[in-house]
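Since the structure comes first, as structure tokens, the remarks are kept for the end.
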Amino acid sequence: MSGSQLWDDVDFYFSSHLAPDDEALQAALRDSEAAGLPHVNVTANQGKFLQLLAQIQDAHNILEIGTLGGYSTIWLGRALPADGRLISLEYSPRHAEVAVRNIARAGLEKVVEVRVGAALDSLPQLADENPAPFDLVFIDADKVNNANYVEWALKLTRAGSLIIIDNVVRGGRVVDAASYDDPDVRGNRAAIELIGAHPRLTGTAIQTVGSKGHDGFALARVLA
Ligand code: SAH
Ligand code: DHB
Ligand code: MG
């Protein structure tokens, strides 16, 4: 859903000063476009927001669900120290292939690993490996499973970890009764209500406007 020219202009102004893209980020978008991937990556200023959150967390281990062409992955991966690790889960082999190239061009192939498959298959496999707790989890895949992803994030994190969910507003569909049958809307509402009710989570959600229209992020901190 596209927003107004004014929202575009403000995003452009902020991004040009605060989140300027470099050759690797530009190339990632160019190659994603050339490969026909959908234009649903985070914006530059949102990517920078994710990067800042990872830095505030002093993140060493990041989990991303939904890689697409690796654009958000690059922003997050750049927040990591040299011995850090980012695992990104992607259903589409074609998206993953584009992402792996983009991530390598950004020089992040040593810290980023893209795993292909449905995240609900990859997550139990990952848990079986007993990985170090993830300091930050970015959920940005099939919205229908968002509450399931929050449950998995809880198994894979520690007290103080941060869980972020993209696209929880979707032009206001989150509160549009006519959309409650939509599986994505149901998934988003289930995630919000889970965060609100869960004894181990405290969170909020923030609406955004910009070049991706009216949308928003949910943020939740793991308590114990
Ligand atoms: N985080 C990316 C955008 C992700 S778009 C960015 O901002 O740059 C959502 C991605 O989730 C798509 O690539 C889609 O193929 C993937 N996806 C959809 N269903 C999935 C599933 N069940 N498991 C893992 N990935 C999934
Ligand atoms: C869609 C997915 C996203 O992750 C996003 O940020 C925007 C839109 C989509 O599938 O429509
Ligand atoms: Mg998204």
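Residue numbers start at 1 in each chain; chains themselves are named A, B, ... in the order of the structure tokens; ligands are numbered from 1 in the order shown.
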Spatial neighbours of range 194-206 of chain A, 10 Å, only C-alpha atoms, chain gap at least 3 places, as a ChimeraX atom specification
/A:146-148,150-151,154,159-166,168-169,188-191,215-224
Deliver the residues from the most recent selection as a file, using C-alpha atoms, as a compact mmCIF listing (two decimals), in the first residue's frame.
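Ended up saving to again_16.txt:
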# COMPACT_ATOMS: atom_id res chain seq x y z
CA ASN A 146 3.31 -14.42 13.96
CA ALA A 147 2.04 -15.73 17.30
CA ASN A 148 3.81 -19.06 16.65
CA VAL A 150 6.71 -15.22 19.15
CA GLU A 151 6.34 -18.56 21.00
CA LEU A 154 10.56 -17.15 23.67
CA ALA A 159 15.74 -12.35 29.85
CA GLY A 160 16.36 -8.97 28.22
CA SER A 161 16.12 -10.15 24.62
CA LEU A 162 14.12 -8.06 22.17
CA ILE A 163 11.49 -9.36 19.77
CA ILE A 164 10.42 -7.09 16.91
CA ILE A 165 7.51 -7.77 14.54
CA ASP A 166 7.14 -5.88 11.26
CA VAL A 168 1.46 -5.12 12.52
CA VAL A 169 -0.75 -2.27 11.27
CA ASN A 188 -0.99 -10.24 13.76
CA ARG A 189 -3.78 -9.81 16.31
CA ALA A 190 -2.88 -13.14 17.92
CA ALA A 191 0.74 -11.97 18.27
CA ASP A 215 2.13 0.32 9.07
CA GLY A 216 4.00 -0.35 12.30
CA PHE A 217 6.29 -2.42 14.49
CA ALA A 218 5.55 -4.36 17.65
CA LEU A 219 8.38 -4.58 20.17
CA ALA A 220 8.52 -6.97 23.09
CA ARG A 221 11.14 -7.49 25.77
CA VAL A 222 11.61 -10.91 27.31
CA LEU A 223 11.26 -10.59 31.07
CA ALA A 224 12.49 -13.83 32.55
Neighbours of ligand 3 at 12 Å or closer, counting only C-alpha atoms and all ligand atoms: which residues, as a PyMOL selection string?
chain A and resi 38-43+46-47+50+64-73+138-143+146+164-170+212-213+215-218
For the selection just defined, write its residues with C-alpha atoms to a file, as a compact mmCIF listing (two decimals), in the first residue's frame.
# COMPACT_ATOMS: atom_id res chain seq x y z
CA PRO A 38 8.48 -8.26 -4.21
CA HIS A 39 9.26 -4.72 -3.01
CA VAL A 40 8.45 -5.36 0.62
CA ASN A 41 11.85 -4.87 2.23
CA VAL A 42 12.07 -2.43 5.11
CA THR A 43 12.93 1.15 4.15
CA GLN A 46 13.59 1.37 9.18
CA GLY A 47 16.70 -0.72 8.48
CA LEU A 50 16.61 -2.15 13.41
CA GLU A 64 15.54 -13.10 11.53
CA ILE A 65 12.42 -14.80 10.20
CA GLY A 66 11.83 -13.74 6.58
CA THR A 67 14.99 -12.87 4.61
CA LEU A 68 13.65 -11.87 1.18
CA GLY A 69 16.71 -10.41 -0.64
CA GLY A 70 18.65 -9.81 2.57
CA TYR A 71 18.15 -6.04 2.78
CA SER A 72 17.03 -5.97 6.43
CA THR A 73 19.60 -8.72 7.05
CA PHE A 138 13.13 -9.86 13.93
CA ILE A 139 9.87 -11.44 12.73
CA ASP A 140 9.00 -10.47 9.14
CA ALA A 141 7.68 -13.49 7.24
CA ASP A 142 4.17 -14.98 6.81
CA LYS A 143 2.07 -12.93 9.20
CA ASN A 146 3.31 -14.42 13.96
CA ILE A 164 10.42 -7.09 16.91
CA ILE A 165 7.51 -7.77 14.54
CA ASP A 166 7.14 -5.88 11.26
CA ASN A 167 3.85 -4.95 9.59
CA VAL A 168 1.46 -5.12 12.52
CA VAL A 169 -0.75 -2.27 11.27
CA ARG A 170 -1.10 -2.79 7.52
CA LYS A 212 5.60 1.88 2.67
CA GLY A 213 2.33 3.51 3.69
CA ASP A 215 2.13 0.32 9.07
CA GLY A 216 4.00 -0.35 12.30
CA PHE A 217 6.29 -2.42 14.49
CA ALA A 218 5.55 -4.36 17.65
Do a neighbour search on Ala27 in chain A at 10 Å with only C-alpha atoms, toss out local chain neighbours closer than 6 positions, and write the hits as a JSON list (two decimals) with C-alpha atoms, in the first residue's frame.
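What landed in result-v8.json:
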[["chain", "number", "residue", "atom", "x", "y", "z"],
["A", 21, "ASP", "CA", 22.62, 3.68, 1.49],
["A", 33, "GLU", "CA", 14.37, -6.04, -8.25],
["A", 71, "TYR", "CA", 18.15, -6.04, 2.78],
["A", 102, "ASN", "CA", 23.65, -9.75, -1.52],
["A", 105, "ARG", "CA", 28.70, -8.59, -1.44],
["A", 106, "ALA", "CA", 28.13, -6.70, 1.81]]
Among listed residues A:Leu37, A:Leu25, A:Val114, A:Ile56, nearest ligand 2 (using only C-alpha atoms and all ligand atoms):
A:Leu37
From a backbone DSSP assignment, name each residue in range 118-194 of chain A labelled strand (DSSP E), as a PyMOL selection string.
chain A and resi 134-139+157-166
With distances taken over only C-alpha atoms and all ligand atoms, which of A:Gly187, A:Pro93, A:Gly84, A:Pro124 is nearest to ligand 1?
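Closest to ligand 1 of all the choices is A:Pro93.
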Write down as a VMD selection string the residues of range 19-140 of chain A whose backbone DSSP state falls under alpha helix (DSSP H).
chain A and resid 23 to 34 44 to 56 71 to 77 93 to 105 119 to 128
Using only C-alpha atoms, pick whichever of A:Ala153, A:Val112, A:Ala119, A:Ala79 has the shortest atom-to-atom distance to Ala54 in chain A.
A:Ala79
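Shortest atom-to-atom contact with ligand 2 among A:Leu123, A:Trp7, A:Leu18, A:Glu90: A:Glu90, counting only C-alpha atoms and all ligand atoms.
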Pairwise distance for CA of Ile62 in chain A and CA of Val137 in chain A, rounded to one decimal in Å:
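Distance reported for this atom pair: 5.9 Å.
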All residues 12 Å or closer to Asp8 in chain A, only C-alpha atoms, same chain fewer than 6 positions away omitted, as a ChimeraX atom specification
/A:2,14-16,43-45,209-214
For the selection just defined, write its residues with all heavy atoms to a file, as a PDB file, in the first residue's frame.
ATOM      1  N   SER A   2       0.661   2.158  -0.925  1.00  0.00           N
ATOM      2  CA  SER A   2       1.546   3.319  -0.984  1.00  0.00           C
ATOM      3  C   SER A   2       0.961   4.457  -0.161  1.00  0.00           C
ATOM      4  O   SER A   2      -0.240   4.565   0.036  1.00  0.00           O
ATOM      5  CB  SER A   2       1.748   3.754  -2.431  1.00  0.00           C
ATOM      6  OG  SER A   2       0.562   4.313  -2.922  1.00  0.00           O
ATOM      7  N   PHE A  14      14.874  12.053   5.861  1.00  0.00           N
ATOM      8  CA  PHE A  14      15.498  11.380   7.015  1.00  0.00           C
ATOM      9  C   PHE A  14      16.554  10.377   6.551  1.00  0.00           C
ATOM     10  O   PHE A  14      17.660  10.323   7.084  1.00  0.00           O
ATOM     11  CB  PHE A  14      14.438  10.663   7.862  1.00  0.00           C
ATOM     12  CG  PHE A  14      13.588  11.574   8.706  1.00  0.00           C
ATOM     13  CD1 PHE A  14      12.292  11.205   9.053  1.00  0.00           C
ATOM     14  CD2 PHE A  14      14.069  12.785   9.169  1.00  0.00           C
ATOM     15  CE1 PHE A  14      11.499  12.031   9.837  1.00  0.00           C
ATOM     16  CE2 PHE A  14      13.283  13.631   9.953  1.00  0.00           C
ATOM     17  CZ  PHE A  14      11.991  13.240  10.284  1.00  0.00           C
ATOM     18  N   SER A  15      16.190   9.571   5.555  1.00  0.00           N
ATOM     19  CA  SER A  15      17.118   8.516   5.115  1.00  0.00           C
ATOM     20  C   SER A  15      18.392   9.120   4.534  1.00  0.00           C
ATOM     21  O   SER A  15      19.486   8.601   4.763  1.00  0.00           O
ATOM     22  CB  SER A  15      16.452   7.604   4.083  1.00  0.00           C
ATOM     23  OG  SER A  15      15.409   6.883   4.692  1.00  0.00           O
ATOM     24  N   SER A  16      18.243  10.222   3.774  1.00  0.00           N
ATOM     25  CA  SER A  16      19.434  10.766   3.116  1.00  0.00           C
ATOM     26  C   SER A  16      20.435  11.279   4.149  1.00  0.00           C
ATOM     27  O   SER A  16      21.639  11.184   3.934  1.00  0.00           O
ATOM     28  CB  SER A  16      19.049  11.850   2.106  1.00  0.00           C
ATOM     29  OG  SER A  16      18.479  12.949   2.773  1.00  0.00           O
ATOM     30  N   THR A  43      12.295  -0.038   4.733  1.00  0.00           N
ATOM     31  CA  THR A  43      12.927   1.149   4.148  1.00  0.00           C
ATOM     32  C   THR A  43      14.303   1.346   4.783  1.00  0.00           C
ATOM     33  O   THR A  43      14.636   0.704   5.800  1.00  0.00           O
ATOM     34  CB  THR A  43      12.070   2.398   4.407  1.00  0.00           C
ATOM     35  OG1 THR A  43      11.954   2.579   5.827  1.00  0.00           O
ATOM     36  CG2 THR A  43      10.682   2.259   3.788  1.00  0.00           C
ATOM     37  N   ALA A  44      15.082   2.266   4.205  1.00  0.00           N
ATOM     38  CA  ALA A  44      16.422   2.519   4.759  1.00  0.00           C
ATOM     39  C   ALA A  44      16.343   3.016   6.203  1.00  0.00           C
ATOM     40  O   ALA A  44      17.079   2.532   7.071  1.00  0.00           O
ATOM     41  CB  ALA A  44      17.154   3.533   3.881  1.00  0.00           C
ATOM     42  N   ASN A  45      15.450   3.946   6.474  1.00  0.00           N
ATOM     43  CA  ASN A  45      15.390   4.456   7.853  1.00  0.00           C
ATOM     44  C   ASN A  45      14.850   3.406   8.822  1.00  0.00           C
ATOM     45  O   ASN A  45      15.232   3.381   9.995  1.00  0.00           O
ATOM     46  CB  ASN A  45      14.665   5.806   7.942  1.00  0.00           C
ATOM     47  CG  ASN A  45      13.314   5.822   7.265  1.00  0.00           C
ATOM     48  OD1 ASN A  45      13.036   5.006   6.386  1.00  0.00           O
ATOM     49  ND2 ASN A  45      12.464   6.746   7.667  1.00  0.00           N
ATOM     50  N   VAL A 209       4.262   5.905   9.426  1.00  0.00           N
ATOM     51  CA  VAL A 209       3.920   6.225   8.037  1.00  0.00           C
ATOM     52  C   VAL A 209       5.224   6.467   7.296  1.00  0.00           C
ATOM     53  O   VAL A 209       6.245   6.776   7.905  1.00  0.00           O
ATOM     54  CB  VAL A 209       3.005   7.464   7.914  1.00  0.00           C
ATOM     55  CG1 VAL A 209       1.648   7.193   8.510  1.00  0.00           C
ATOM     56  CG2 VAL A 209       3.674   8.692   8.530  1.00  0.00           C
ATOM     57  N   GLY A 210       5.189   6.322   5.994  1.00  0.00           N
ATOM     58  CA  GLY A 210       6.404   6.508   5.209  1.00  0.00           C
ATOM     59  C   GLY A 210       6.181   5.983   3.822  1.00  0.00           C
ATOM     60  O   GLY A 210       5.027   5.808   3.392  1.00  0.00           O
ATOM     61  N   SER A 211       7.281   5.670   3.140  1.00  0.00           N
ATOM     62  CA  SER A 211       7.142   5.264   1.744  1.00  0.00           C
ATOM     63  C   SER A 211       6.485   3.889   1.612  1.00  0.00           C
ATOM     64  O   SER A 211       6.072   3.504   0.517  1.00  0.00           O
ATOM     65  CB  SER A 211       8.494   5.306   1.033  1.00  0.00           C
ATOM     66  OG  SER A 211       9.451   4.613   1.775  1.00  0.00           O
ATOM     67  N   LYS A 212       6.347   3.139   2.723  1.00  0.00           N
ATOM     68  CA  LYS A 212       5.603   1.878   2.666  1.00  0.00           C
ATOM     69  C   LYS A 212       4.178   2.045   3.179  1.00  0.00           C
ATOM     70  O   LYS A 212       3.513   1.054   3.486  1.00  0.00           O
ATOM     71  CB  LYS A 212       6.328   0.787   3.466  1.00  0.00           C
ATOM     72  CG  LYS A 212       7.604   0.291   2.775  1.00  0.00           C
ATOM     73  CD  LYS A 212       8.274  -0.823   3.553  1.00  0.00           C
ATOM     74  CE  LYS A 212       7.535  -2.135   3.433  1.00  0.00           C
ATOM     75  NZ  LYS A 212       8.207  -3.211   4.221  1.00  0.00           N
ATOM     76  N   GLY A 213       3.710   3.299   3.256  1.00  0.00           N
ATOM     77  CA  GLY A 213       2.334   3.511   3.690  1.00  0.00           C
ATOM     78  C   GLY A 213       2.219   3.554   5.207  1.00  0.00           C
ATOM     79  O   GLY A 213       3.172   3.888   5.916  1.00  0.00           O
ATOM     80  N   HIS A 214       1.034   3.216   5.693  1.00  0.00           N
ATOM     81  CA  HIS A 214       0.726   3.244   7.131  1.00  0.00           C
ATOM     82  C   HIS A 214       0.900   1.829   7.668  1.00  0.00           C
ATOM     83  O   HIS A 214       0.186   0.911   7.265  1.00  0.00           O
ATOM     84  CB  HIS A 214      -0.721   3.732   7.294  1.00  0.00           C
ATOM     85  CG  HIS A 214      -1.250   3.652   8.685  1.00  0.00           C
ATOM     86  ND1 HIS A 214      -2.588   3.459   8.955  1.00  0.00           N
ATOM     87  CD2 HIS A 214      -0.655   3.748   9.896  1.00  0.00           C
ATOM     88  CE1 HIS A 214      -2.787   3.442  10.264  1.00  0.00           C
ATOM     89  NE2 HIS A 214      -1.628   3.612  10.852  1.00  0.00           N
TER      90      HIS A 214
END
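With distances restricted to only C-alpha atoms, A:Leu136 is the closest residue to Gly77 in chain A from A:Ala118, A:Ala19, A:Leu136, A:Ala35.
Proximity ranking of A:Asp184, A:Asp31, A:Glu97, A:Asp83 relative to ligand 2 places A:Asp184 first, based on only C-alpha atoms and all ligand atoms.
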What does the distance from CA of Ala24 in chain A to CA of Ser122 in chain A come to in Å, to one decimal?
27.6 Å
